[in-house]
file input17.pdb (PDB, C-alpha atoms, pLDDT in the B column)
ATOM      1  CA  HIS F   1     -10.626 -32.928   8.979  1.00 70.00           C
ATOM      2  CA  TYR F   2     -12.323 -31.256  11.962  1.00 72.00           C
ATOM      3  CA  LEU F   3     -15.642 -31.057  10.149  1.00 79.00           C
ATOM      4  CA  SER F   4     -15.899 -34.795   9.644  1.00 79.00           C
ATOM      5  CA  ASP F   5     -14.232 -35.968  12.874  1.00 83.00           C
ATOM      6  CA  VAL F   6     -16.950 -35.784  15.520  1.00 83.00           C
ATOM      7  CA  SER F   7     -14.524 -36.967  18.205  1.00 84.00           C
ATOM      8  CA  THR F   8     -12.674 -33.622  18.168  1.00 84.00           C
ATOM      9  CA  SER F   9     -13.902 -30.870  20.456  1.00 89.00           C
ATOM     10  CA  LEU F  10     -15.253 -27.527  19.328  1.00 92.00           C
ATOM     11  CA  PRO F  11     -14.714 -24.663  18.961  1.00 93.00           C
ATOM     12  CA  HIS F  12     -11.578 -25.038  16.880  1.00 92.00           C
ATOM     13  CA  THR F  13      -9.658 -22.111  15.343  1.00 92.00           C
ATOM     14  CA  PHE F  14      -7.974 -22.098  11.929  1.00 91.00           C
ATOM     15  CA  GLN F  15      -5.901 -19.263  10.515  1.00 89.00           C
ATOM     16  CA  LEU F  16      -6.852 -18.302   6.954  1.00 87.00           C
ATOM     17  CA  SER F  17      -3.489 -18.478   5.216  1.00 85.00           C
ATOM     18  CA  GLY F  18      -3.355 -16.917   1.772  1.00 86.00           C
ATOM     19  CA  LEU F  19      -5.806 -14.180   2.686  1.00 88.00           C
ATOM     20  CA  VAL F  20      -4.541 -10.658   1.975  1.00 80.00           C
ATOM     21  CA  PHE F  21      -6.237  -7.280   2.326  1.00 80.00           C
ATOM     22  CA  GLU F  22      -5.231  -4.041   0.687  1.00 75.00           C
ATOM     23  CA  SER F  23      -3.242  -2.086   3.262  1.00 73.00           C
ATOM     24  CA  GLY F  24      -5.384  -0.288   5.814  1.00 79.00           C
ATOM     25  CA  THR F  25      -8.636  -1.433   4.203  1.00 84.00           C
ATOM     26  CA  ALA F  26     -11.133  -4.283   4.273  1.00 87.00           C
ATOM     27  CA  THR F  27     -10.715  -4.884   0.528  1.00 86.00           C
ATOM     28  CA  VAL F  28      -9.660  -8.472  -0.168  1.00 86.00           C
ATOM     29  CA  THR F  29      -7.017  -8.754  -2.901  1.00 84.00           C
ATOM     30  CA  ALA F  30      -7.443 -10.921  -5.983  1.00 88.00           C
ATOM     31  CA  ASP F  31      -4.696 -13.200  -4.635  1.00 88.00           C
ATOM     32  CA  SER F  32      -7.118 -14.243  -1.878  1.00 90.00           C
ATOM     33  CA  THR F  33      -9.752 -15.676  -4.214  1.00 92.00           C
ATOM     34  CA  LYS F  34      -8.619 -19.302  -3.945  1.00 94.00           C
ATOM     35  CA  THR F  35      -8.546 -19.173  -0.138  1.00 94.00           C
ATOM     36  CA  LEU F  36     -12.086 -17.800   0.005  1.00 95.00           C
ATOM     37  CA  ASP F  37     -13.320 -20.204  -2.685  1.00 96.00           C
ATOM     38  CA  ASP F  38     -11.874 -23.123  -0.699  1.00 94.00           C
ATOM     39  CA  LEU F  39     -13.524 -21.937   2.510  1.00 95.00           C
ATOM     40  CA  ALA F  40     -16.874 -21.528   0.763  1.00 97.00           C
ATOM     41  CA  ALA F  41     -16.582 -25.003  -0.791  1.00 96.00           C
ATOM     42  CA  MET F  42     -15.827 -26.497   2.611  1.00 94.00           C
ATOM     43  CA  LEU F  43     -18.865 -24.811   4.139  1.00 96.00           C
ATOM     44  CA  GLN F  44     -21.043 -25.947   1.226  1.00 96.00           C
ATOM     45  CA  SER F  45     -19.875 -29.540   1.772  1.00 95.00           C
ATOM     46  CA  TYR F  46     -20.939 -29.372   5.430  1.00 94.00           C
ATOM     47  CA  PRO F  47     -24.266 -27.481   5.349  1.00 95.00           C
ATOM     48  CA  SER F  48     -24.923 -27.712   9.096  1.00 94.00           C
ATOM     49  CA  SER F  49     -21.574 -26.185  10.039  1.00 95.00           C
ATOM     50  CA  ARG F  50     -21.346 -22.707  11.542  1.00 97.00           C
ATOM     51  CA  VAL F  51     -18.265 -20.507  11.816  1.00 97.00           C
ATOM     52  CA  ARG F  52     -17.127 -17.266  13.390  1.00 98.00           C
ATOM     53  CA  ILE F  53     -14.746 -15.122  11.339  1.00 97.00           C
ATOM     54  CA  GLU F  54     -12.368 -13.181  13.583  1.00 97.00           C
ATOM     55  CA  GLY F  55     -10.335 -10.277  12.256  1.00 95.00           C
ATOM     56  CA  HIS F  56      -6.984  -9.250  13.758  1.00 92.00           C
ATOM     57  CA  THR F  57      -4.522  -6.403  13.208  1.00 90.00           C
ATOM     58  CA  ASP F  58      -0.973  -5.581  14.227  1.00 89.00           C
ATOM     59  CA  ASP F  59      -0.370  -2.979  16.949  1.00 92.00           C
ATOM     60  CA  VAL F  60       0.524  -0.107  14.601  1.00 90.00           C
ATOM     61  CA  GLY F  61      -1.880   2.801  14.740  1.00 90.00           C
ATOM     62  CA  ASP F  62      -4.790   3.808  16.907  1.00 94.00           C
ATOM     63  CA  PRO F  63      -6.360   0.926  18.868  1.00 94.00           C
ATOM     64  CA  ALA F  64      -9.918   2.109  18.157  1.00 96.00           C
ATOM     65  CA  THR F  65      -9.183   2.322  14.429  1.00 95.00           C
ATOM     66  CA  ASN F  66      -7.595  -1.137  14.522  1.00 94.00           C
ATOM     67  CA  GLN F  67     -10.667  -2.539  16.289  1.00 96.00           C
ATOM     68  CA  THR F  68     -12.959  -1.142  13.617  1.00 96.00           C
ATOM     69  CA  LEU F  69     -10.668  -2.429  10.862  1.00 94.00           C
ATOM     70  CA  SER F  70     -10.543  -5.931  12.335  1.00 95.00           C
ATOM     71  CA  GLU F  71     -14.359  -6.035  12.551  1.00 97.00           C
ATOM     72  CA  THR F  72     -14.763  -4.639   9.035  1.00 96.00           C
ATOM     73  CA  ARG F  73     -12.355  -7.210   7.592  1.00 93.00           C
ATOM     74  CA  ALA F  74     -14.236 -10.067   9.276  1.00 97.00           C
ATOM     75  CA  HIS F  75     -17.495  -8.738   7.858  1.00 97.00           C
ATOM     76  CA  ALA F  76     -15.920  -8.417   4.380  1.00 95.00           C
ATOM     77  CA  ILE F  77     -15.036 -12.115   4.471  1.00 96.00           C
ATOM     78  CA  LYS F  78     -18.601 -12.932   5.499  1.00 97.00           C
ATOM     79  CA  GLU F  79     -19.892 -10.909   2.536  1.00 96.00           C
ATOM     80  CA  VAL F  80     -17.653 -12.835   0.131  1.00 95.00           C
ATOM     81  CA  LEU F  81     -18.857 -16.159   1.572  1.00 97.00           C
ATOM     82  CA  MET F  82     -22.480 -15.038   1.235  1.00 98.00           C
ATOM     83  CA  GLU F  83     -21.805 -14.128  -2.418  1.00 97.00           C
ATOM     84  CA  ARG F  84     -20.652 -17.739  -2.838  1.00 97.00           C
ATOM     85  CA  GLY F  85     -23.932 -19.102  -1.468  1.00 97.00           C
ATOM     86  CA  ILE F  86     -23.281 -19.497   2.265  1.00 98.00           C
ATOM     87  CA  ALA F  87     -26.263 -18.402   4.390  1.00 98.00           C
ATOM     88  CA  SER F  88     -25.581 -15.405   6.583  1.00 98.00           C
ATOM     89  CA  ASP F  89     -26.926 -17.121   9.705  1.00 98.00           C
ATOM     90  CA  ARG F  90     -24.077 -19.661   9.466  1.00 98.00           C
ATOM     91  CA  ILE F  91     -21.397 -16.970   9.794  1.00 98.00           C
ATOM     92  CA  GLU F  92     -20.712 -14.845  12.861  1.00 98.00           C
ATOM     93  CA  THR F  93     -18.093 -12.109  12.803  1.00 98.00           C
ATOM     94  CA  GLY F  94     -15.918 -10.339  15.330  1.00 97.00           C
ATOM     95  CA  GLY F  95     -12.758  -8.338  15.645  1.00 97.00           C
ATOM     96  CA  HIS F  96      -9.910  -8.507  18.119  1.00 95.00           C
ATOM     97  CA  SER F  97      -7.742  -5.634  16.886  1.00 93.00           C
ATOM     98  CA  GLU F  98      -4.174  -6.187  18.135  1.00 91.00           C
ATOM     99  CA  GLN F  99      -5.295  -7.983  21.305  1.00 93.00           C
ATOM    100  CA  ALA F 100      -4.427 -11.554  20.248  1.00 93.00           C
ATOM    101  CA  PRO F 101      -1.069 -11.511  18.444  1.00 94.00           C
ATOM    102  CA  VAL F 102       0.459 -14.729  17.130  1.00 92.00           C
ATOM    103  CA  ALA F 103       3.868 -13.117  16.618  1.00 92.00           C
ATOM    104  CA  ASP F 104       6.053 -10.297  17.921  1.00 93.00           C
ATOM    105  CA  ASN F 105       4.893  -6.861  16.742  1.00 91.00           C
ATOM    106  CA  ASP F 106       8.480  -5.547  16.914  1.00 94.00           C
ATOM    107  CA  THR F 107       9.335  -6.855  13.429  1.00 93.00           C
ATOM    108  CA  GLU F 108       7.644  -6.413  10.045  1.00 87.00           C
ATOM    109  CA  GLU F 109       7.422 -10.190   9.700  1.00 88.00           C
ATOM    110  CA  GLY F 110       5.676 -10.453  13.048  1.00 89.00           C
ATOM    111  CA  ARG F 111       3.294  -7.603  12.275  1.00 87.00           C
ATOM    112  CA  ALA F 112       2.434  -9.241   8.947  1.00 84.00           C
ATOM    113  CA  ARG F 113       1.574 -12.503  10.734  1.00 85.00           C
ATOM    114  CA  ASN F 114      -0.651 -10.616  13.175  1.00 88.00           C
ATOM    115  CA  ARG F 115      -2.675  -9.016  10.357  1.00 87.00           C
ATOM    116  CA  ARG F 116      -4.876 -12.029   9.797  1.00 88.00           C
ATOM    117  CA  ALA F 117      -8.311 -13.560   9.899  1.00 92.00           C
ATOM    118  CA  ASP F 118      -9.174 -16.716  11.786  1.00 95.00           C
ATOM    119  CA  VAL F 119     -12.067 -19.079  11.209  1.00 96.00           C
ATOM    120  CA  VAL F 120     -13.511 -20.600  14.342  1.00 96.00           C
ATOM    121  CA  LEU F 121     -15.530 -23.737  13.726  1.00 95.00           C
ATOM    122  CA  ILE F 122     -18.345 -23.540  16.261  1.00 95.00           C
ATOM    123  CA  ASN F 123     -20.713 -26.215  14.977  1.00 92.00           C
ATOM    124  CA  ARG F 124     -20.400 -29.157  12.623  1.00 88.00           C
TER
END

call {"tool": "encode", "arguments": {"input": "input17.pdb", "output": "structure tokens"}}
result
Amino acid sequence: HYLSDVSTSLPHTFQLSGLVFESGTATVTADSTKTLDDLAAMLQSYPSSRVRIEGHTDDVGDPATNQTLSETRAHAIKEVLMERGIASDRIETGGHSEQAPVADNDTEEGRARNRRADVVLINR
């Protein structure tokens, strides 16, 4: 919707639902294939679009380790998109560690929601 609607302002952030990593790693699980295939197809349909992939973690563990993990996960998504034919110069990456939670880190459910990747549409 946001890719085709030029009246909406950018940047616009989308959470990648259905994306799961193996615990404590940047390895994307097989269950995430459809989500990544859909994202790649969307980017292929809009060849001038550019995105930033932002990795996030919960607040468990060492903040420096979480920062590295969030960056590594964002880069892993970029690698998968490149394998599906998306040019690397269309994809920026970054990590925010536990600095931008979307839920309370005091519950397992909240921590699970905070372990995520967002796609920021920066150019149509």

call {"tool": "residues_around", "arguments": {"input": "input17.pdb", "residues": "F:Asn123", "least_positions_apart": "4", "cutoff": "9 Å", "atoms": "all atoms listed in the file", "output": "list in words"}}
result
Leu3, Leu10, Pro11, Ser48, Ser49, Arg50 and Val51 of chain F

call {"tool": "closest_residue", "arguments": {"input": "input17.pdb", "among": "F:Val28, F:Val6, F:Ile122, F:Ala100", "to": "F:Gln67", "atoms": "all atoms listed in the file"}}
result
F:Ala100

call {"tool": "resolve_selection", "arguments": {"input": "input17.pdb", "expression": "the PyMOL selection byres ((chain F and resi 73) around 12)", "output": "VMD selection string"}}
result
chain F and resid 19 to 29 53 to 57 66 to 72 74 to 80 93 to 97 115 to 118

call {"tool": "closest_residue", "arguments": {"input": "input17.pdb", "among": "F:Ala30, F:Phe14, F:Pro47, F:Asp58", "to": "F:Glu109", "atoms": "only C-alpha atoms"}}
result
F:Asp58

call {"tool": "atom_distance", "arguments": {"input": "input17.pdb", "atom1": "atom CA of F:Ser32", "atom2": "atom CA of F:Gln44"}}
result
18.5 Å

call {"tool": "closest_residue", "arguments": {"input": "input17.pdb", "among": "F:Leu39, F:Pro63, F:Glu98, F:Ser88", "to": "F:Gly110", "atoms": "only C-alpha atoms"}}
result
F:Glu98

call {"tool": "closest_residue", "arguments": {"input": "input17.pdb", "among": "F:Ser45, F:Gln15, F:Gln99, F:Thr65", "to": "F:Arg113", "atoms": "all atoms listed in the file"}}
result
F:Gln15

call {"tool": "residues_around", "arguments": {"input": "input17.pdb", "residues": "F:Ala40", "least_positions_apart": "3", "cutoff": "7 Å", "atoms": "only C-alpha atoms", "output": "list in words"}}
result
Leu36, Asp37, Leu43, Gln44, Leu81, Arg84 and Ile86 of chain F

call {"tool": "axis_aligned_box", "arguments": {"input": "input17.pdb", "around": "stretch 45-57 of chain F", "padding_each_side": "6 Å", "output": "JSON"}}
result
{"center_x": -14.7, "center_y": -18.0, "center_z": 7.8, "size_x": 32.4, "size_y": 35.1, "size_z": 24.0}

call {"tool": "resolve_selection", "arguments": {"input": "input17.pdb", "expression": "the PyMOL selection byres ((chain F and resi 1) around 12)", "output": "ChimeraX atom specification"}}
result
/F:2-8,12,14,42,46,121,124

call {"tool": "atom_distance", "arguments": {"input": "input17.pdb", "atom1": "atom CA of F:Ala41", "atom2": "atom CA of F:Ser17"}}
result
15.8 Å

call {"tool": "atom_distance", "arguments": {"input": "input17.pdb", "atom1": "atom CA of F:Ala103", "atom2": "atom CA of F:Asp59"}}
result
11.0 Å

call {"tool": "closest_residue", "arguments": {"input": "input17.pdb", "among": "F:Thr13, F:Arg52, F:Asp104, F:Val60", "to": "F:Ile91", "atoms": "only C-alpha atoms"}}
result
F:Arg52

call {"tool": "closest_residue", "arguments": {"input": "input17.pdb", "among": "F:Val119, F:Gly18, F:Ala112, F:Met82", "to": "F:Thr35", "atoms": "all atoms listed in the file"}}
result
F:Gly18
